[in-house]
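The structure file entry-v1.cif is reproduced below (mmCIF, C-alpha atoms and all ligand atoms).
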data_final
#
loop_
_atom_site.label_atom_id
_atom_site.label_comp_id
_atom_site.auth_asym_id
_atom_site.auth_seq_id
_atom_site.Cartn_x
_atom_site.Cartn_y
_atom_site.Cartn_z
CA MET A 98 -1.02 -8.45 -18.68
CA ILE A 99 -0.05 -6.34 -15.69
CA ASN A 100 2.63 -3.66 -15.97
CA LEU A 101 5.11 -2.37 -13.44
CA PRO A 102 4.08 1.22 -12.58
CA ASN A 103 6.78 3.88 -12.55
CA LEU A 104 8.10 4.97 -9.19
CA PRO A 105 6.38 8.23 -8.21
CA PHE A 106 9.82 9.78 -7.39
CA ALA A 107 13.45 9.60 -8.52
CA ASP A 108 15.48 6.56 -7.45
CA ASN A 109 17.53 8.64 -4.98
CA ALA A 110 14.73 10.99 -3.86
CA LEU A 111 14.19 9.34 -0.48
CA GLU A 112 17.83 9.24 0.60
CA PRO A 113 18.97 8.81 3.31
CA PHE A 114 15.69 7.28 4.54
CA ILE A 115 15.71 4.77 1.67
CA SER A 116 18.90 4.53 -0.35
CA GLU A 117 19.13 4.28 -4.11
CA GLU A 118 20.68 0.87 -3.52
CA THR A 119 17.57 -0.33 -1.69
CA ILE A 120 15.38 1.03 -4.50
CA GLY A 121 17.62 -0.88 -6.92
CA TYR A 122 16.66 -4.14 -5.24
CA HIS A 123 13.24 -3.42 -3.82
CA TYR A 124 11.64 -1.81 -6.86
CA TYR A 125 13.78 -2.99 -9.77
CA LYS A 126 14.21 -6.57 -8.54
CA HIS A 127 11.52 -7.54 -6.00
CA HIS A 128 8.55 -5.51 -7.25
CA ALA A 129 9.46 -6.22 -10.89
CA ALA A 130 9.80 -9.94 -10.12
CA TYR A 131 6.25 -10.09 -8.71
CA VAL A 132 4.96 -8.43 -11.91
CA ASN A 133 6.92 -10.80 -14.15
CA LYS A 134 5.95 -13.90 -12.18
CA LEU A 135 2.28 -12.87 -12.15
CA ASN A 136 2.28 -12.41 -15.93
CA GLU A 137 3.93 -15.79 -16.39
CA LEU A 138 1.27 -17.44 -14.17
CA ILE A 139 -1.79 -15.77 -15.73
CA LYS A 140 -0.79 -16.10 -19.37
CA GLY A 141 -3.58 -17.90 -21.22
CA THR A 142 -5.79 -18.15 -18.11
CA GLU A 143 -9.04 -16.39 -17.21
CA PHE A 144 -6.99 -13.91 -15.13
CA ASP A 145 -5.13 -12.58 -18.15
CA LYS A 146 -7.74 -9.95 -19.04
CA MET A 147 -8.77 -9.05 -15.49
CA SER A 148 -7.80 -5.93 -13.60
CA LEU A 149 -5.28 -6.36 -10.81
CA SER A 150 -7.93 -5.87 -8.10
CA SER A 151 -10.16 -8.55 -9.65
CA ILE A 152 -7.26 -10.99 -9.84
CA ILE A 153 -6.54 -10.37 -6.15
CA ARG A 154 -10.17 -11.02 -5.18
CA GLU A 155 -10.65 -14.09 -7.33
CA SER A 156 -7.38 -15.99 -7.02
CA ASP A 157 -5.48 -17.94 -4.42
CA GLY A 158 -2.08 -19.61 -4.13
CA ALA A 159 0.77 -18.29 -6.26
CA VAL A 160 -1.43 -16.07 -8.44
CA PHE A 161 -2.86 -14.37 -5.34
CA ASN A 162 0.56 -14.00 -3.71
CA ASN A 163 2.13 -12.34 -6.74
CA ALA A 164 -0.90 -10.18 -7.60
CA ALA A 165 -1.27 -8.95 -4.02
CA GLN A 166 2.44 -8.20 -3.79
CA VAL A 167 2.22 -6.15 -7.01
CA PHE A 168 -0.61 -4.07 -5.50
CA ASN A 169 0.98 -3.82 -2.05
CA HIS A 170 4.27 -2.52 -3.47
CA THR A 171 2.55 -0.03 -5.79
CA PHE A 172 0.62 1.23 -2.77
CA TYR A 173 3.79 1.40 -0.67
CA TRP A 174 5.57 3.66 -3.18
CA LYS A 175 2.45 5.85 -3.31
CA SER A 176 2.53 6.06 0.49
CA LEU A 177 5.99 7.65 0.50
CA SER A 178 7.15 11.16 -0.21
CA SER A 179 10.44 13.02 -0.24
CA THR A 180 8.63 16.19 0.82
CA LYS A 181 7.47 16.60 4.37
CA SER A 182 3.71 16.58 4.83
CA ALA A 183 1.23 16.25 7.68
CA PRO A 184 -2.32 14.97 8.02
CA SER A 185 -4.90 17.68 7.36
CA GLY A 186 -8.57 18.26 6.63
CA LYS A 187 -11.11 15.49 7.12
CA LEU A 188 -8.46 12.82 7.61
CA LEU A 189 -6.85 14.78 10.45
CA ASN A 190 -10.24 15.19 12.15
CA LYS A 191 -10.93 11.46 11.78
CA ILE A 192 -7.51 10.54 13.20
CA ASN A 193 -8.22 12.76 16.21
CA ASP A 194 -11.66 11.18 16.65
CA ASP A 195 -10.56 7.56 16.29
CA PHE A 196 -7.07 7.57 17.82
CA GLY A 197 -7.11 10.63 20.06
CA SER A 198 -4.23 12.37 18.28
CA VAL A 199 -1.70 11.99 15.48
CA GLU A 200 0.92 11.25 18.14
CA VAL A 201 -1.10 8.28 19.45
CA LEU A 202 -1.54 6.99 15.90
CA LYS A 203 2.21 7.23 15.41
CA GLU A 204 2.93 5.28 18.60
CA GLU A 205 0.42 2.58 17.70
CA PHE A 206 1.72 2.39 14.12
CA ILE A 207 5.30 1.90 15.31
CA LYS A 208 4.16 -0.72 17.81
CA ALA A 209 2.19 -2.55 15.10
CA GLY A 210 5.22 -2.49 12.78
CA SER A 211 7.69 -3.67 15.38
CA THR A 212 5.47 -6.46 16.75
CA LEU A 213 4.52 -7.96 13.37
CA PHE A 214 6.31 -11.30 13.43
CA GLY A 215 8.09 -12.26 10.22
CA SER A 216 7.29 -10.64 6.88
CA GLY A 217 4.30 -8.43 6.20
CA TRP A 218 2.74 -5.03 5.99
CA VAL A 219 1.27 -2.41 8.34
CA TRP A 220 -1.63 -0.40 6.96
CA LEU A 221 -3.78 2.51 8.00
CA VAL A 222 -7.20 1.47 6.73
CA ARG A 223 -10.84 2.47 6.84
CA GLU A 224 -13.29 -0.26 7.62
CA PRO A 225 -16.65 -0.20 5.77
CA LYS A 226 -18.43 1.87 8.43
CA GLY A 227 -15.67 4.46 8.19
CA GLN A 228 -13.66 3.74 11.33
CA LEU A 229 -9.89 4.16 10.93
CA MET A 230 -7.69 1.36 12.18
CA LEU A 231 -4.20 -0.04 11.92
CA LYS A 232 -4.01 -3.44 10.29
CA GLN A 233 -1.12 -5.88 10.13
CA THR A 234 -1.08 -8.34 7.23
CA GLN A 235 1.28 -11.29 6.92
CA ASN A 236 3.29 -12.10 3.79
CA ALA A 237 1.29 -10.98 0.72
CA HIS A 238 -2.01 -10.42 2.48
CA THR A 239 -3.77 -7.20 1.62
CA PRO A 240 -6.76 -5.24 2.99
CA LEU A 241 -8.39 -5.47 -0.44
CA SER A 242 -9.37 -9.05 0.46
CA SER A 243 -11.36 -7.97 3.50
CA ASN A 244 -13.42 -4.91 2.60
CA LEU A 245 -10.88 -2.52 4.05
CA VAL A 246 -9.73 0.61 2.25
CA PRO A 247 -5.99 1.30 2.56
CA LEU A 248 -4.77 4.86 3.15
CA PHE A 249 -1.06 4.15 3.53
CA VAL A 250 1.14 1.10 4.00
CA CYS A 251 4.60 0.30 5.34
CA ASP A 252 6.46 -2.71 4.00
CA VAL A 253 8.11 -4.53 6.90
CA TRP A 254 9.61 -7.38 4.92
CA GLU A 255 13.34 -7.36 5.67
CA HIS A 256 14.12 -6.59 2.01
CA ALA A 257 12.51 -3.15 2.57
CA TYR A 258 15.06 -2.03 5.17
CA TYR A 259 17.94 -4.46 5.59
CA ILE A 260 20.46 -2.63 3.39
CA ASP A 261 19.87 0.70 5.13
CA TYR A 262 18.95 -0.33 8.69
CA LYS A 263 20.18 -3.92 9.00
CA ASN A 264 18.12 -5.50 11.80
CA LEU A 265 16.86 -2.16 13.18
CA ARG A 266 13.23 -2.33 12.07
CA LEU A 267 12.22 0.18 14.73
CA LYS A 268 14.55 2.84 13.29
CA TYR A 269 13.14 2.18 9.80
CA LEU A 270 9.58 2.57 11.12
CA GLU A 271 10.44 5.88 12.79
CA GLU A 272 11.96 7.18 9.53
CA PHE A 273 9.00 5.84 7.54
CA TRP A 274 6.68 7.91 9.70
CA LYS A 275 8.53 11.10 8.65
CA HIS A 276 8.12 10.23 4.95
CA ILE A 277 4.44 9.33 4.75
CA ASN A 278 2.70 10.94 1.78
CA TRP A 279 -0.16 12.48 3.72
CA ASP A 280 -1.47 14.16 0.58
CA PHE A 281 -2.04 10.72 -0.98
CA ALA A 282 -3.56 9.33 2.23
CA GLY A 283 -5.84 12.37 2.48
CA GLU A 284 -6.91 11.98 -1.13
CA ALA A 285 -7.67 8.28 -0.59
CA TYR A 286 -9.64 9.24 2.51
CA ASP A 287 -11.63 11.97 0.77
CA LYS A 288 -12.51 9.69 -2.14
CA THR A 289 -13.99 7.14 0.24
CA ASP A 290 -15.58 9.58 2.68
CA ASN A 291 -19.29 9.22 2.24
CA HIS A 292 -22.13 7.65 4.12
CA VAL A 293 -22.90 5.04 1.52
CA PHE A 294 -19.48 3.46 1.45
CA ILE A 295 -20.10 -0.16 0.66
CA GLY A 296 -16.69 -1.72 0.76
CA THR A 297 -14.27 -2.95 -1.80
CA GLU A 298 -16.11 -6.19 -2.59
CA ALA A 299 -18.36 -4.13 -4.81
CA CYS A 300 -15.54 -2.59 -6.75
CA ASN A 301 -17.11 -3.47 -10.07
CA ASP A 302 -19.89 -1.13 -9.00
CA ILE A 303 -19.11 2.35 -10.29
CA HIS A 304 -20.63 3.81 -7.13
CA ASP A 305 -17.86 2.40 -5.01
CA PRO A 306 -15.53 5.36 -4.50
CA PHE A 307 -12.56 3.13 -3.85
CA CYS A 308 -12.71 2.03 -7.49
CA GLU A 309 -11.37 5.44 -8.40
CA ILE A 310 -8.22 4.87 -6.40
CA LEU A 311 -7.66 1.47 -7.96
CA ASP A 312 -8.40 2.90 -11.38
CA ASP A 313 -5.81 5.62 -10.83
CA LEU A 314 -3.23 2.98 -9.98
CA GLN A 315 -4.18 0.83 -12.92
CA ASN A 316 -4.31 3.70 -15.38
CA GLN A 317 -0.81 4.49 -14.29
CA ASP A 318 0.07 0.85 -15.03
CA ARG A 319 -1.20 1.26 -18.56
CA VAL A 320 0.65 4.40 -19.50
CA THR A 321 3.98 3.19 -18.23
CA SER A 322 4.17 -0.10 -20.09
MN MN A 401 8.75 -5.35 -0.40
#
Represent the structure from my file as structure tokens, please.
Amino acid sequence: MINLPNLPFADNALEPFISEETIGYHYYKHHAAYVNKLNELIKGTEFDKMSLSSIIRESDGAVFNNAAQVFNHTFYWKSLSSTKSAPSGKLLNKINDDFGSVEVLKEEFIKAGSTLFGSGWVWLVREPKGQLMLKQTQNAHTPLSSNLVPLFVCDVWEHAYYIDYKNLRLKYLEEFWKHINWDFAGEAYDKTDNHVFIGTEACNDIHDPFCEILDDLQNQDRVTS
């Protein structure tokens, strides 16, 4: 049984970037529907007692789609903040090393978001050797399936922005950039910043630092049921 985590902010906290009306659909209808559908599909199956990350790794078809969308949305809400923040510390240094500057990362992020055809997600991820990169995933696809550690994600399905921006995805992406929760991204980076990072495939291994991030998300699931 997977629970819908609470939003990490009030329903109207992100206005005018994301309206309370959008939250009403995106969180209370879409995200909740993925959780409900997933629970319906896994009831009485071997997935029923698994963690969300294990279900994502071991399923396909409708179970995968709904499980991945539950994770992707939880991660999206975590990626957003009503308070302005900026990259700092080790993450800032790594952005400068791998992209040249925060400004270049921003330009490439907006380009990745506006060129993703159809529905999907744009992620800042770390690959197993530590390199930062932007990653587009289609539909429900998630970096958890490919040994990549997500640091933040932007939902570019139309349901994420259509009420507030209509067809103007570019405008939504520019506003998203101003509302990234860099404290969360920095924390995710720090937790996975070591020389023995072995990738998310080994998440059952307690030495995989990314397990901590998933555990945080899942512990939150448990207390908010
Ligand atoms: Mn969505």
**Message:** Show me, as a VMD selection string, the residues that have an atom within 9 Å of Met230 of chain A when counting only C-alpha atoms, minus same-chain residues fewer than 4 positions from it.
**Reply:** chain A and resid 195 to 196 220 to 224
**Request:** Identify which of the residues A:His256, A:His276, A:His170, A:Lys140 lies closest to Asn103 of chain A, counting all atoms listed in the file when measuring atom-to-atom distances.
**Result:** A:His170
**Prompt:** Residues at most 9 Å from ligand MN 401 (chain A), using all atoms listed in the file? Could they come as a PyMOL selection string?
**Reply:** chain A and resi 123-124+127-128+166+169-170+173+217-218+252-257
Residues from the last selection, C-alpha atoms, saved as a compact mmCIF listing (two decimals), in the frame of the given file:
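Final output, result-v4.txt:
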# COMPACT_ATOMS: atom_id res chain seq x y z
CA HIS A 123 13.24 -3.42 -3.82
CA TYR A 124 11.64 -1.81 -6.86
CA HIS A 127 11.52 -7.54 -6.00
CA HIS A 128 8.55 -5.51 -7.25
CA GLN A 166 2.44 -8.20 -3.79
CA ASN A 169 0.98 -3.82 -2.05
CA HIS A 170 4.27 -2.52 -3.47
CA TYR A 173 3.79 1.40 -0.67
CA GLY A 217 4.30 -8.43 6.20
CA TRP A 218 2.74 -5.03 5.99
CA ASP A 252 6.46 -2.71 4.00
CA VAL A 253 8.11 -4.53 6.90
CA TRP A 254 9.61 -7.38 4.92
CA GLU A 255 13.34 -7.36 5.67
CA HIS A 256 14.12 -6.59 2.01
CA ALA A 257 12.51 -3.15 2.57
**Request:** Find the distance between atom CA of Glu271 of chain A and atom CA of Glu118 of chain A and write it in Å to one decimal.
**Result:** 19.9 Å
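For the atom pair formed by atom CA of Asp157 of chain A and atom CA of Val246 of chain A, the distance is 20.2 Å, given to one decimal.
Using all atoms listed in the file, the smallest distance between any of A:Phe206, A:Trp274, A:Phe249, A:Tyr286 and Gln228 of chain A comes from A:Tyr286.
Closest approach to Ala183 of chain A among A:Ala110, A:Asp261, A:Val199, A:Ser243 is made by A:Val199 (distances from all atoms listed in the file).
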**Prompt:** Quick one: residues within 8 Å of Leu241 of chain A, only C-alpha atoms counted, chain neighbours fewer than 2 positions away excluded, as a PyMOL selection string?
**Reply:** chain A and resi 150+153-154+239+243-247+297
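One finds atom CA of Leu111 of chain A at 17.2 Å from atom CA of Arg266 of chain A.
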Which neighbours of Glu137 of chain A fall inside 12 Å, counting all atoms listed in the file, when residues of the same chain fewer than 3 positions from it are skipped, and could you give them as a PDB file with C-alpha atoms, in the coordinates of the input?
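To be explicit, this is the file written out as out-v1.pdb:
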ATOM      1  CA  MET A  98      -1.020  -8.450 -18.680  1.00  0.00           C
ATOM      2  CA  ILE A  99      -0.050  -6.340 -15.690  1.00  0.00           C
ATOM      3  CA  ALA A 130       9.800  -9.940 -10.120  1.00  0.00           C
ATOM      4  CA  TYR A 131       6.250 -10.090  -8.710  1.00  0.00           C
ATOM      5  CA  VAL A 132       4.960  -8.430 -11.910  1.00  0.00           C
ATOM      6  CA  ASN A 133       6.920 -10.800 -14.150  1.00  0.00           C
ATOM      7  CA  LYS A 134       5.950 -13.900 -12.180  1.00  0.00           C
ATOM      8  CA  LYS A 140      -0.790 -16.100 -19.370  1.00  0.00           C
ATOM      9  CA  GLY A 141      -3.580 -17.900 -21.220  1.00  0.00           C
ATOM     10  CA  THR A 142      -5.790 -18.150 -18.110  1.00  0.00           C
ATOM     11  CA  PHE A 144      -6.990 -13.910 -15.130  1.00  0.00           C
ATOM     12  CA  ASP A 145      -5.130 -12.580 -18.150  1.00  0.00           C
ATOM     13  CA  ALA A 159       0.770 -18.290  -6.260  1.00  0.00           C
ATOM     14  CA  VAL A 160      -1.430 -16.070  -8.440  1.00  0.00           C
ATOM     15  CA  ASN A 163       2.130 -12.340  -6.740  1.00  0.00           C
ATOM     16  CA  ALA A 164      -0.900 -10.180  -7.600  1.00  0.00           C
TER      17      ALA A 164
END
Give the padded box for segment 215-234 of chain A as AutoDock Vina command-line options: axis-aligned, covering all atoms listed in the file, 6 Å on each side, centre and edge lengths in Å to one decimal.
--center_x -5.2 --center_y -3.9 --center_z 9.0 --size_x 38.5 --size_y 28.7 --size_z 18.4
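Nearest-residue note for Lys126 of chain A: choosing from A:Ser242, A:Leu101, A:Lys175, A:Ile152, the minimum distance belongs to A:Leu101, counting all atoms listed in the file.
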**Item:** For Leu189 of chain A, the nearest of the candidates A:Glu272, A:Leu267, A:Leu202, A:Asn236, counting all atoms listed in the file
**Value:** A:Leu202
**Prompt:** So, counting all atoms listed in the file, which residue among A:Pro102, A:Gly283, A:Pro240, A:Gly158 is closest to Gly186 of chain A?
**Reply:** A:Gly283
